[in-house]
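One file, structure.cif, is given below (mmCIF, C-alpha atoms).
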data_model
#
loop_
_atom_site.label_atom_id
_atom_site.label_comp_id
_atom_site.auth_asym_id
_atom_site.auth_seq_id
_atom_site.Cartn_x
_atom_site.Cartn_y
_atom_site.Cartn_z
CA MET L 1420 0.00 0.00 0.00
CA LYS L 1421 1.26 3.47 -0.88
CA ASP L 1422 1.04 6.36 1.56
CA VAL L 1423 0.96 8.88 -1.28
CA ILE L 1424 0.67 8.81 -5.04
CA THR L 1425 1.02 11.72 -7.45
CA LEU L 1426 0.95 12.30 -11.18
CA GLY L 1427 2.69 14.88 -13.33
CA GLU L 1428 5.44 15.74 -15.76
CA ALA L 1429 9.14 15.26 -15.06
CA ILE L 1430 11.62 17.58 -16.67
CA ILE L 1431 15.37 17.83 -17.14
CA ALA L 1432 16.73 20.96 -15.46
CA PHE L 1433 19.84 22.67 -16.77
CA GLU L 1434 21.44 24.77 -14.03
CA PRO L 1435 24.07 27.40 -14.86
CA TRP L 1436 27.40 27.27 -13.13
CA THR L 1437 27.34 31.07 -12.83
CA LEU L 1438 24.81 33.51 -11.43
CA GLY L 1439 23.19 36.27 -13.41
CA PRO L 1440 21.44 36.75 -16.77
CA MET L 1441 21.00 33.66 -18.92
CA GLU L 1442 22.74 35.21 -21.91
CA HIS L 1443 26.03 35.25 -19.99
CA ALA L 1444 25.84 31.62 -18.80
CA HIS L 1445 28.03 29.28 -20.84
CA THR L 1446 28.13 26.08 -18.78
CA PHE L 1447 25.21 24.13 -17.33
CA GLU L 1448 24.76 21.09 -15.12
CA ARG L 1449 22.06 18.55 -15.96
CA LYS L 1450 19.62 17.72 -13.14
CA VAL L 1451 16.08 16.42 -12.69
CA GLY L 1452 13.00 18.44 -11.78
CA GLY L 1453 9.22 18.58 -11.76
CA ALA L 1454 6.90 19.61 -8.91
CA GLU L 1455 5.14 16.28 -8.47
CA LEU L 1456 8.39 14.36 -8.87
CA ASN L 1457 10.02 16.56 -6.21
CA PHE L 1458 7.09 15.94 -3.90
CA ALA L 1459 7.37 12.18 -4.33
CA ILE L 1460 11.10 12.29 -3.57
CA GLY L 1461 10.46 14.48 -0.52
CA CYS L 1462 7.91 12.00 0.82
CA SER L 1463 10.21 9.05 0.20
CA ARG L 1464 13.12 10.69 2.01
CA LEU L 1465 10.86 11.27 5.00
CA GLY L 1466 10.02 7.57 5.08
CA LEU L 1467 6.67 7.46 3.30
CA GLN L 1468 5.83 4.94 0.58
CA ALA L 1469 5.44 7.12 -2.52
CA GLY L 1470 4.38 6.38 -6.09
CA TRP L 1471 4.65 8.57 -9.19
CA ILE L 1472 2.50 8.28 -12.33
CA SER L 1473 3.83 9.76 -15.55
CA HIS L 1474 4.99 9.38 -19.13
CA LEU L 1475 8.63 9.90 -20.14
CA GLY L 1476 10.27 10.17 -23.51
CA ASN L 1477 11.88 6.96 -24.72
CA ASP L 1478 15.24 8.72 -24.78
CA PRO L 1479 18.35 9.04 -22.59
CA PHE L 1480 16.80 11.84 -20.52
CA GLY L 1481 13.69 9.76 -19.84
CA LEU L 1482 15.79 6.80 -18.78
CA MET L 1483 17.86 9.04 -16.52
CA ILE L 1484 14.76 10.41 -14.80
CA ARG L 1485 13.24 6.95 -14.27
CA ASN L 1486 16.46 5.60 -12.80
CA PHE L 1487 16.98 8.67 -10.63
CA ILE L 1488 13.56 8.67 -9.01
CA ARG L 1489 13.58 4.88 -8.63
CA GLY L 1490 16.91 5.25 -6.84
CA GLU L 1491 15.16 7.58 -4.40
CA GLY L 1492 12.81 4.78 -3.41
CA VAL L 1493 9.80 6.08 -5.35
CA ASP L 1494 7.65 3.47 -7.06
CA VAL L 1495 7.76 3.91 -10.86
CA SER L 1496 5.59 0.96 -11.89
CA GLN L 1497 3.07 3.41 -13.42
CA VAL L 1498 5.65 5.24 -15.57
CA LYS L 1499 5.54 4.59 -19.32
CA PHE L 1500 8.16 5.37 -21.98
CA ILE L 1501 6.76 7.02 -25.10
CA ASP L 1502 8.36 6.87 -28.56
CA ASP L 1503 8.72 10.01 -30.71
CA TYR L 1504 8.07 12.42 -27.80
CA ASN L 1505 11.18 13.89 -26.24
CA THR L 1506 11.50 14.36 -22.49
CA SER L 1507 10.92 18.02 -21.59
CA ILE L 1508 13.72 20.33 -20.47
CA TYR L 1509 14.09 23.74 -18.88
CA PHE L 1510 16.88 26.19 -18.17
CA LYS L 1511 17.29 28.03 -14.88
CA GLU L 1512 18.47 31.62 -14.56
CA MET L 1513 19.78 32.08 -11.02
CA PHE L 1514 20.67 35.11 -8.91
CA ASP L 1515 22.56 35.60 -5.65
CA SER L 1516 19.27 36.30 -3.84
CA GLY L 1517 18.24 32.69 -4.50
CA ASP L 1518 15.55 33.79 -6.96
CA VAL L 1519 15.20 31.67 -10.08
CA HIS L 1520 13.72 32.40 -13.50
CA ALA L 1521 12.69 29.40 -15.60
CA TYR L 1522 12.65 28.97 -19.36
CA TYR L 1523 10.66 25.90 -20.43
CA TYR L 1524 10.95 23.76 -23.57
CA ARG L 1525 8.13 21.26 -23.33
CA ASP L 1526 6.51 21.13 -26.77
CA ARG L 1527 5.43 17.56 -27.57
CA SER L 1528 5.90 16.52 -23.98
CA PRO L 1529 5.43 12.77 -23.37
CA VAL L 1530 2.57 13.56 -20.97
CA SER L 1531 0.72 15.17 -23.89
CA VAL L 1532 -0.35 11.69 -24.99
CA MET L 1533 -1.39 10.59 -21.51
CA LYS L 1534 -5.05 9.54 -21.25
CA PRO L 1535 -7.49 8.86 -18.38
CA THR L 1536 -7.36 5.17 -19.28
CA ASP L 1537 -3.65 5.18 -18.40
CA LEU L 1538 -4.63 5.43 -14.73
CA ASN L 1539 -4.69 2.06 -12.99
CA GLU L 1540 -7.62 1.90 -10.56
CA SER L 1541 -5.97 -0.75 -8.40
CA TYR L 1542 -3.04 1.64 -7.86
CA PHE L 1543 -5.40 4.26 -6.43
CA LYS L 1544 -7.21 1.68 -4.34
CA ARG L 1545 -4.00 0.98 -2.41
CA ALA L 1546 -3.17 4.64 -1.62
CA LYS L 1547 -3.97 6.96 1.28
CA VAL L 1548 -3.40 10.36 -0.36
CA LEU L 1549 -3.48 11.54 -3.98
CA HIS L 1550 -1.38 14.70 -4.40
CA LEU L 1551 -2.05 16.98 -7.36
CA THR L 1552 -0.69 20.35 -8.46
CA GLY L 1553 -1.81 23.04 -10.89
CA ILE L 1554 1.20 22.48 -13.12
CA PHE L 1555 -0.08 19.34 -14.81
CA PRO L 1556 -3.40 20.96 -15.84
CA ALA L 1557 -1.57 24.11 -16.97
CA ILE L 1558 0.48 22.15 -19.54
CA ASN L 1559 -2.68 21.41 -21.54
CA PRO L 1560 -5.84 22.43 -19.64
CA GLU L 1561 -8.44 20.95 -21.98
CA LYS L 1562 -6.80 17.52 -22.20
CA ASN L 1563 -5.08 17.15 -18.85
CA MET L 1564 -8.12 18.15 -16.82
CA LYS L 1565 -9.84 14.99 -18.09
CA ILE L 1566 -7.00 13.00 -16.52
CA VAL L 1567 -7.16 15.02 -13.31
CA HIS L 1568 -10.93 14.53 -13.01
CA HIS L 1569 -10.55 10.80 -13.56
CA ALA L 1570 -7.78 10.60 -10.96
CA ILE L 1571 -9.98 12.41 -8.45
CA LYS L 1572 -12.90 10.12 -9.31
CA LEU L 1573 -10.78 7.04 -8.59
CA ALA L 1574 -9.49 8.60 -5.37
CA LYS L 1575 -12.98 9.42 -4.12
CA LYS L 1576 -14.25 5.97 -5.04
CA HIS L 1577 -11.65 4.38 -2.77
CA ASP L 1578 -11.70 6.93 0.06
CA VAL L 1579 -8.28 8.37 -0.86
CA LYS L 1580 -7.72 11.92 0.42
CA VAL L 1581 -6.99 14.53 -2.28
CA SER L 1582 -4.19 17.00 -1.59
CA PHE L 1583 -3.78 19.98 -3.94
CA ASP L 1584 -1.11 22.66 -4.38
CA PRO L 1585 -2.07 25.25 -7.05
CA ASN L 1586 1.63 25.83 -7.82
CA ILE L 1587 0.58 28.58 -10.23
CA ARG L 1588 3.12 29.48 -12.91
CA LEU L 1589 1.98 32.58 -14.79
CA LYS L 1590 4.35 31.73 -17.64
CA MET L 1591 2.08 28.75 -18.29
CA TRP L 1592 -1.36 30.35 -17.98
CA SER L 1593 -3.09 33.57 -16.97
CA LYS L 1594 -4.59 34.28 -13.57
CA GLU L 1595 -8.06 34.14 -15.09
CA GLU L 1596 -7.52 30.75 -16.72
CA ALA L 1597 -5.89 29.35 -13.59
CA ARG L 1598 -8.82 30.52 -11.46
CA ARG L 1599 -11.39 29.07 -13.86
CA ILE L 1600 -9.72 25.67 -14.25
CA ILE L 1601 -8.73 25.21 -10.62
CA ALA L 1602 -12.29 26.03 -9.57
CA GLU L 1603 -13.26 22.68 -11.12
CA ILE L 1604 -10.92 20.86 -8.74
CA LEU L 1605 -11.50 22.62 -5.43
CA PRO L 1606 -14.84 21.01 -4.44
CA ASP L 1607 -13.10 17.62 -4.42
CA VAL L 1608 -10.01 18.74 -2.48
CA ASP L 1609 -9.52 17.59 1.12
CA ILE L 1610 -6.15 19.29 1.78
CA LEU L 1611 -5.29 22.65 0.16
CA LEU L 1612 -1.64 23.75 0.36
CA ALA L 1613 -1.15 27.21 -1.15
CA SER L 1614 0.63 30.54 -0.80
CA ASP L 1615 -1.38 33.63 0.07
CA ASP L 1616 -0.75 34.97 -3.45
CA GLU L 1617 -2.14 31.78 -4.99
CA LEU L 1618 -5.15 31.89 -2.69
CA GLU L 1619 -5.82 35.44 -3.82
CA ILE L 1620 -5.96 34.15 -7.41
CA ILE L 1621 -8.11 31.07 -6.85
CA LEU L 1622 -10.31 32.27 -3.96
CA GLU L 1623 -10.00 36.01 -4.64
CA SER L 1624 -8.75 36.80 -1.15
CA LYS L 1625 -5.63 36.50 0.96
CA ASN L 1626 -7.44 37.39 4.16
CA PRO L 1627 -7.17 34.23 6.30
CA GLU L 1628 -10.68 34.47 7.72
CA GLN L 1629 -12.24 34.89 4.28
CA VAL L 1630 -10.04 32.17 2.75
CA PHE L 1631 -10.95 29.61 5.39
CA LYS L 1632 -14.65 30.49 5.15
CA LYS L 1633 -14.61 29.97 1.37
CA ALA L 1634 -12.66 26.73 1.81
CA GLU L 1635 -15.24 25.47 4.30
CA GLN L 1636 -18.05 26.32 1.87
CA LEU L 1637 -16.26 24.25 -0.78
CA GLY L 1638 -15.92 21.31 1.59
CA ILE L 1639 -12.14 21.64 2.05
CA SER L 1640 -11.43 20.50 5.60
CA THR L 1641 -7.70 21.28 5.84
CA VAL L 1642 -5.79 24.33 4.54
CA ALA L 1643 -2.21 25.51 4.88
CA MET L 1644 -1.77 29.16 3.90
CA LYS L 1645 1.92 29.76 3.18
CA ARG L 1646 2.90 33.40 3.76
CA ALA L 1647 6.42 33.65 2.31
CA GLU L 1648 8.98 34.55 4.99
CA ASN L 1649 6.52 35.36 7.78
CA SER L 1650 4.37 32.45 8.86
CA THR L 1651 2.07 29.64 7.82
CA ILE L 1652 -1.54 29.67 8.93
CA GLY L 1653 -3.23 26.32 9.23
CA TYR L 1654 -6.93 25.55 9.22
CA ASP L 1655 -8.30 22.16 10.17
CA LYS L 1656 -11.97 21.37 10.73
CA GLY L 1657 -12.80 24.86 12.01
CA GLU L 1658 -9.66 25.46 14.08
CA THR L 1659 -6.95 27.93 13.08
CA ILE L 1660 -3.27 28.07 14.10
CA GLU L 1661 -0.45 30.35 12.97
CA VAL L 1662 3.15 29.12 13.07
CA ASN L 1663 6.20 31.25 12.32
CA THR L 1664 8.52 30.13 9.56
CA PHE L 1665 12.21 29.33 10.19
CA SER L 1666 14.80 31.91 9.22
CA VAL L 1667 17.37 30.90 6.60
CA GLU L 1668 20.78 32.57 6.69
CA ASN L 1669 21.83 31.71 3.17
CA VAL L 1670 19.15 31.22 0.52
CA VAL L 1671 20.73 29.47 -2.46
CA ASP L 1672 17.83 28.21 -4.60
CA THR L 1673 14.12 28.67 -3.88
CA VAL L 1674 12.95 26.01 -6.37
CA GLY L 1675 11.44 23.00 -4.63
CA ALA L 1676 10.75 24.67 -1.28
CA GLY L 1677 6.99 24.46 -1.77
CA ASP L 1678 7.24 20.81 -2.82
CA GLY L 1679 9.26 20.11 0.33
CA PHE L 1680 6.67 21.89 2.47
CA ASP L 1681 3.93 19.78 0.89
CA ALA L 1682 5.84 16.55 1.56
CA GLY L 1683 6.41 17.56 5.16
CA PHE L 1684 2.78 18.51 5.64
CA ILE L 1685 1.46 15.24 4.22
CA TYR L 1686 3.92 13.32 6.40
CA GLY L 1687 2.60 14.96 9.56
CA TYR L 1688 -0.99 14.67 8.37
CA LEU L 1689 -0.66 10.92 7.85
CA LYS L 1690 0.97 10.56 11.25
CA GLY L 1691 -2.11 12.13 12.82
CA TRP L 1692 -0.22 15.05 14.40
CA GLN L 1693 -1.87 18.21 15.69
CA MET L 1694 -1.90 21.06 13.17
CA GLU L 1695 0.76 23.12 14.96
CA LYS L 1696 3.21 20.22 14.85
CA VAL L 1697 2.36 19.46 11.21
CA ILE L 1698 3.03 23.03 10.11
CA THR L 1699 6.20 23.34 12.18
CA PHE L 1700 7.56 20.20 10.56
CA ALA L 1701 6.53 21.31 7.05
CA ASN L 1702 8.04 24.77 7.56
CA MET L 1703 11.32 23.19 8.60
CA VAL L 1704 11.42 20.93 5.54
CA GLY L 1705 10.79 23.90 3.23
CA SER L 1706 13.47 26.00 4.94
CA MET L 1707 16.06 23.25 4.50
CA VAL L 1708 15.41 22.98 0.76
CA VAL L 1709 16.34 26.60 -0.07
CA GLY L 1710 19.85 26.23 1.35
CA VAL L 1711 20.88 23.77 -1.36
CA LYS L 1712 21.21 24.34 -5.10
CA GLY L 1713 18.91 22.12 -7.14
CA ASP L 1714 15.20 21.32 -7.48
CA ASN L 1715 15.26 18.36 -5.09
CA GLU L 1716 18.82 18.00 -3.80
CA GLY L 1717 17.92 19.87 -0.61
CA LEU L 1718 14.92 17.72 0.30
CA PRO L 1719 15.92 16.36 3.72
CA TYR L 1720 15.71 12.96 5.36
CA LEU L 1721 13.50 12.49 8.41
CA GLU L 1722 16.32 12.30 10.94
CA ASP L 1723 17.81 15.57 9.66
CA VAL L 1724 14.49 17.41 10.02
CA LEU L 1725 13.94 16.08 13.53
CA ALA L 1726 17.49 17.03 14.49
CA ARG L 1727 16.93 20.61 13.33
CA ILE L 1728 13.59 20.92 15.08
CA ASP L 1729 14.86 19.44 18.34
CA ASN L 1730 18.08 21.48 18.02
CA ARG L 1731 20.11 18.33 18.48
CA ASP L 1732 23.65 17.96 17.26
CA VAL L 1733 24.04 15.58 14.35
CA ILE L 1734 27.22 13.54 14.33
CA GLU L 1735 28.72 13.44 10.85
CA ARG L 1736 30.41 10.20 9.91
#

Structure rendered as structure tokens:
Amino acid sequence: MKDVITLGEAIIAFEPWTLGPMEHAHTFERKVGGAELNFAIGCSRLGLQAGWISHLGNDPFGLMIRNFIRGEGVDVSQVKFIDDYNTSIYFKEMFDSGDVHAYYYRDRSPVSVMKPTDLNESYFKRAKVLHLTGIFPAINPEKNMKIVHHAIKLAKKHDVKVSFDPNIRLKMWSKEEARRIIAEILPDVDILLASDDELEIILESKNPEQVFKKAEQLGISTVAMKRAENSTIGYDKGETIEVNTFSVENVVDTVGAGDGFDAGFIYGYLKGWQMEKVITFANMVGSMVVGVKGDNEGLPYLEDVLARIDNRDVIER
């Protein structure tokens, strides 16, 4: 049985060796990225049984991604290799503040031929949480939403909780389109993990009281409202708690921090922790990600997170 399953596109990330504008970068390092893939890796490193559903190009990059995520302990039995569709890539433009600009090249992505019938019902039947993001729908809203709706249908049929992170990328779609498409998903969401800016787009407010009221009206029982460097406000079955975020002395790369937070939150949720403990844990995971260059290289292992939270010394061997 899987603790969590997720579906989405994987992508090869090319990271520059130098900081600054892309036009001055001459050397890049090849890495692996993708929001849902990062989430699955984050869950696996924390000790959860994670599965990832996707299509990859039948090319060296696709093989590399499959081997990489399998090496992280993520189940890839639902990953298919597709001929004549190249694995997607993107280039990162990085600055000393830790901010990252992304340039995507995902035409004819292997997931563009993914269909609802590619989803294996028995795989959903053996899961506890289905985690979705707004990135997969944004790639091709008309087609991919059919897959998302079918995934949610299978999850609901087998009492699998649905976790959703809007993960809105305005390079991929407009605020108006994101709001319209995501509105189709929200009534089926059990756990909503979003920044205050994203909540302003999809629920037209970043006021916590208004956000949680709208979420309750939609039937969303659990919400984590991520507020950048200040705090995270959690809402669970009518109760609200605010938890300060952890300060980070040296922010290297902000990519993947939200995926790490999501993994940490779902870990605590599945453990049955109180909301304050869940958010504290998730905040710590997210803060540890930004100190390491790479989309998923900074995702921590469980013992490292607990050591940071408990302020214990870790003996390096």

Exercise for the section: Please measure the separation of atom CA of Ile1571 of chain L and atom CA of Lys1632 of chain L, giving the value in Å to one decimal. Expected result: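 If I compute the distance from atom CA of Ile1571 of chain L to atom CA of Lys1632 of chain L, I get 23.1 Å.
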
Exercise for the section: Select, from L:Trp1692, L:Phe1680, L:Phe1665, L:Trp1471, the residue with the minimum atom-to-atom distance to Met1644 of chain L, counting all atoms listed in the file. Expected result: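 When distances to Met1644 of chain L are compared using all atoms listed in the file, the smallest one comes from L:Phe1680.
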
Handout entry: Closest of L:Leu1551, L:Val1608, L:Ile1501, L:Val1724 to Val1708 of chain L - atom-to-atom distances counting all atoms listed in the file
Key = L:Val1724

For segment 1600-1702 of chain L against segment 1566-1570 of chain L, with a cut-off of 10 Å and counting all atoms listed in the file, what is the closest atom pair and its distance in Å to one decimal for every residue that makes the cut, ordered by chain and number, as JSON lines?
{"residue": "L:Glu1603", "atom": "CA", "partner": "L:His1568", "partner_atom": "CA", "distance": 8.7}
{"residue": "L:Ile1604", "atom": "CA", "partner": "L:His1568", "partner_atom": "CA", "distance": 7.6}
{"residue": "L:Asp1607", "atom": "CA", "partner": "L:His1568", "partner_atom": "CA", "distance": 9.4}

Exercise for the section: Select, from L:Pro1585, L:Pro1556, L:Gly1679, L:Gly1466, the residue with the minimum atom-to-atom distance to Leu1618 of chain L, counting only C-alpha atoms. Expected result: L:Pro1585

Practice task
Rank nothing, just name the residue among L:Val1579, L:Ala1676, L:Leu1622, L:Ala1602 nearest to Ser1706 of chain L, using only C-alpha atoms.
Solution key: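 Of L:Val1579, L:Ala1676, L:Leu1622, L:Ala1602, the one nearest Ser1706 of chain L, counting only C-alpha atoms, is L:Ala1676.
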
Problem - Interatomic distance (Å, one decimal) between atom CA of Phe1543 of chain L and atom CA of Ala1574 of chain L - result: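 Taking atom CA of Phe1543 of chain L and atom CA of Ala1574 of chain L, their separation equals 6.1 Å.
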
Exercise for the section: Identify, on the basis of all atoms listed in the file, every residue whose closest approach to Ile1639 of chain L does not exceed 6 Å; exclude the query and any residue fewer than 3 positions from it along the same chain; express the result as an NGL selection string. Expected result: :L and (1608-1609 or 1634-1635)

Problem - Nearest to Gly1453 of chain L, chosen from L:Pro1535, L:Gly1470, L:Gly1638, L:Gly1427, with only C-alpha atoms counted in the distances - result: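 Among the listed residues, the smallest separation from Gly1453 of chain L belongs to L:Gly1427.
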
Name the residues that the PyMOL selection byres ((chain L and resi 1441) around 12) pulls out of this structure, and write them as a short mmCIF file (atom, residue, chain, number, x, y, z; two decimals) with C-alpha atoms, in the frame of the given file.
data_model
loop_
_atom_site.label_atom_id
_atom_site.label_comp_id
_atom_site.auth_asym_id
_atom_site.auth_seq_id
_atom_site.Cartn_x
_atom_site.Cartn_y
_atom_site.Cartn_z
CA PHE L 1433 19.84 22.67 -16.77
CA GLU L 1434 21.44 24.77 -14.03
CA PRO L 1435 24.07 27.40 -14.86
CA TRP L 1436 27.40 27.27 -13.13
CA THR L 1437 27.34 31.07 -12.83
CA LEU L 1438 24.81 33.51 -11.43
CA GLY L 1439 23.19 36.27 -13.41
CA PRO L 1440 21.44 36.75 -16.77
CA GLU L 1442 22.74 35.21 -21.91
CA HIS L 1443 26.03 35.25 -19.99
CA ALA L 1444 25.84 31.62 -18.80
CA HIS L 1445 28.03 29.28 -20.84
CA THR L 1446 28.13 26.08 -18.78
CA PHE L 1447 25.21 24.13 -17.33
CA PHE L 1510 16.88 26.19 -18.17
CA LYS L 1511 17.29 28.03 -14.88
CA GLU L 1512 18.47 31.62 -14.56
CA MET L 1513 19.78 32.08 -11.02
CA PHE L 1514 20.67 35.11 -8.91
CA VAL L 1519 15.20 31.67 -10.08
CA HIS L 1520 13.72 32.40 -13.50
CA ALA L 1521 12.69 29.40 -15.60
CA TYR L 1522 12.65 28.97 -19.36
#

When you look at Met1703 of chain L with a cut-off of 12 Å (counting only C-alpha atoms), what residues show up, excluding the ones that are within fewer than 4 positions of it in the same chain? I need them as an mmCIF file with C-alpha atoms, in the frame of the given file.
data_model
loop_
_atom_site.group_PDB
_atom_site.id
_atom_site.type_symbol
_atom_site.label_atom_id
_atom_site.label_comp_id
_atom_site.auth_asym_id
_atom_site.auth_seq_id
_atom_site.Cartn_x
_atom_site.Cartn_y
_atom_site.Cartn_z
ATOM 1 C CA SER L 1650 4.370 32.450 8.860
ATOM 2 C CA THR L 1651 2.070 29.640 7.820
ATOM 3 C CA VAL L 1662 3.150 29.120 13.070
ATOM 4 C CA ASN L 1663 6.200 31.250 12.320
ATOM 5 C CA THR L 1664 8.520 30.130 9.560
ATOM 6 C CA PHE L 1665 12.210 29.330 10.190
ATOM 7 C CA SER L 1666 14.800 31.910 9.220
ATOM 8 C CA VAL L 1667 17.370 30.900 6.600
ATOM 9 C CA ALA L 1676 10.750 24.670 -1.280
ATOM 10 C CA GLY L 1677 6.990 24.460 -1.770
ATOM 11 C CA GLY L 1679 9.260 20.110 0.330
ATOM 12 C CA PHE L 1680 6.670 21.890 2.470
ATOM 13 C CA ASP L 1681 3.930 19.780 0.890
ATOM 14 C CA ALA L 1682 5.840 16.550 1.560
ATOM 15 C CA GLY L 1683 6.410 17.560 5.160
ATOM 16 C CA PHE L 1684 2.780 18.510 5.640
ATOM 17 C CA LYS L 1696 3.210 20.220 14.850
ATOM 18 C CA VAL L 1697 2.360 19.460 11.210
ATOM 19 C CA ILE L 1698 3.030 23.030 10.110
ATOM 20 C CA THR L 1699 6.200 23.340 12.180
ATOM 21 C CA MET L 1707 16.060 23.250 4.500
ATOM 22 C CA VAL L 1708 15.410 22.980 0.760
ATOM 23 C CA VAL L 1709 16.340 26.600 -0.070
ATOM 24 C CA GLY L 1710 19.850 26.230 1.350
ATOM 25 C CA GLY L 1717 17.920 19.870 -0.610
ATOM 26 C CA LEU L 1718 14.920 17.720 0.300
ATOM 27 C CA PRO L 1719 15.920 16.360 3.720
ATOM 28 C CA TYR L 1720 15.710 12.960 5.360
ATOM 29 C CA LEU L 1721 13.500 12.490 8.410
ATOM 30 C CA ASP L 1723 17.810 15.570 9.660
ATOM 31 C CA VAL L 1724 14.490 17.410 10.020
ATOM 32 C CA LEU L 1725 13.940 16.080 13.530
ATOM 33 C CA ALA L 1726 17.490 17.030 14.490
ATOM 34 C CA ARG L 1727 16.930 20.610 13.330
ATOM 35 C CA ILE L 1728 13.590 20.920 15.080
ATOM 36 C CA ASP L 1729 14.860 19.440 18.340
ATOM 37 C CA ASN L 1730 18.080 21.480 18.020
#

Practice task
Can you work out the spacing between atom CA of Asn1563 of chain L and atom CA of Asn1539 of chain L in Å, to one decimal?
Solution key: 16.2 Å

Practice task
Choose the residue, out of L:Arg1588, L:Arg1545, L:His1550, L:Arg1599, that has the smallest atom-to-atom separation from Asp1678 of chain L; count all atoms listed in the file.
Solution key: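 Of L:Arg1588, L:Arg1545, L:His1550, L:Arg1599, the one nearest Asp1678 of chain L, counting all atoms listed in the file, is L:His1550.
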
Exercise for the section: Could you tell me which residues the PyMOL selection byres ((chain L and resi 1555) around 9) grabs in this file, written as a list in words? Expected result: Leu1426, Gly1427, Glu1428, Glu1455, Val1530, Leu1551, Thr1552, Gly1553, Ile1554, Pro1556, Ala1557, Ile1558, Asn1559, Pro1560, Asn1563, Met1564 and Val1567 of chain L

Practice task
Would you kindly return, as a PyMOL selection string, each protein, DNA or RNA residue with an atom no farther than 6 Å from any atom of Val1548 of chain L, considering only C-alpha atoms and excluding same-chain residues fewer than 2 positions away?
Solution key: chain L and resi 1423+1546+1579-1581

Exercise for the section: Pick out the residues sitting within 9 Å of Arg1646 of chain L, and hand them over as a PyMOL selection string; count only C-alpha atoms, and ignore anything fewer than 6 positions along from it in its own chain. Expected result: chain L and resi 1613-1616+1652+1664

Include C-alpha atoms and write out the residues we just selected as a short mmCIF file (atom, residue, chain, number, x, y, z; two decimals), keeping the file's coordinate frame.
data_model
loop_
_atom_site.label_atom_id
_atom_site.label_comp_id
_atom_site.auth_asym_id
_atom_site.auth_seq_id
_atom_site.Cartn_x
_atom_site.Cartn_y
_atom_site.Cartn_z
CA ALA L 1613 -1.15 27.21 -1.15
CA SER L 1614 0.63 30.54 -0.80
CA ASP L 1615 -1.38 33.63 0.07
CA ASP L 1616 -0.75 34.97 -3.45
CA ILE L 1652 -1.54 29.67 8.93
CA THR L 1664 8.52 30.13 9.56
#

Just want the 9 Å neighbourhood of segment 1474-1483 of chain L, counted on only C-alpha atoms, with same-chain residues fewer than 5 positions away dropped. Output as a short mmCIF file (atom, residue, chain, number, x, y, z; two decimals) with C-alpha atoms, in the coordinates of the input.
data_model
loop_
_atom_site.label_atom_id
_atom_site.label_comp_id
_atom_site.auth_asym_id
_atom_site.auth_seq_id
_atom_site.Cartn_x
_atom_site.Cartn_y
_atom_site.Cartn_z
CA GLY L 1427 2.69 14.88 -13.33
CA GLU L 1428 5.44 15.74 -15.76
CA ALA L 1429 9.14 15.26 -15.06
CA ILE L 1430 11.62 17.58 -16.67
CA ILE L 1431 15.37 17.83 -17.14
CA VAL L 1451 16.08 16.42 -12.69
CA ILE L 1488 13.56 8.67 -9.01
CA GLN L 1497 3.07 3.41 -13.42
CA VAL L 1498 5.65 5.24 -15.57
CA LYS L 1499 5.54 4.59 -19.32
CA PHE L 1500 8.16 5.37 -21.98
CA ILE L 1501 6.76 7.02 -25.10
CA ASP L 1502 8.36 6.87 -28.56
CA ASP L 1503 8.72 10.01 -30.71
CA TYR L 1504 8.07 12.42 -27.80
CA ASN L 1505 11.18 13.89 -26.24
CA THR L 1506 11.50 14.36 -22.49
CA SER L 1507 10.92 18.02 -21.59
CA SER L 1528 5.90 16.52 -23.98
CA PRO L 1529 5.43 12.77 -23.37
CA VAL L 1530 2.57 13.56 -20.97
CA SER L 1531 0.72 15.17 -23.89
CA VAL L 1532 -0.35 11.69 -24.99
CA MET L 1533 -1.39 10.59 -21.51
#

Practice task
Go through the shown structure with the PyMOL selection byres ((chain L and resi 1628) around 12) and write out the matching residues as a VMD selection string.
Solution key: chain L and resid 1622 1624 to 1627 1629 to 1635 1642 1644 1652 to 1654 1657 to 1660

Step by step, gather every atom of segment 1621-1633 of chain L that the file lists, find the box along x, y and z that holds them, add 8 Å on each side, and finally give centre and edge lengths in Å to one decimal, as AutoDock Vina command-line options.
--center_x -10.1 --center_y 33.5 --center_z 0.4 --size_x 25.0 --size_y 23.8 --size_z 30.6
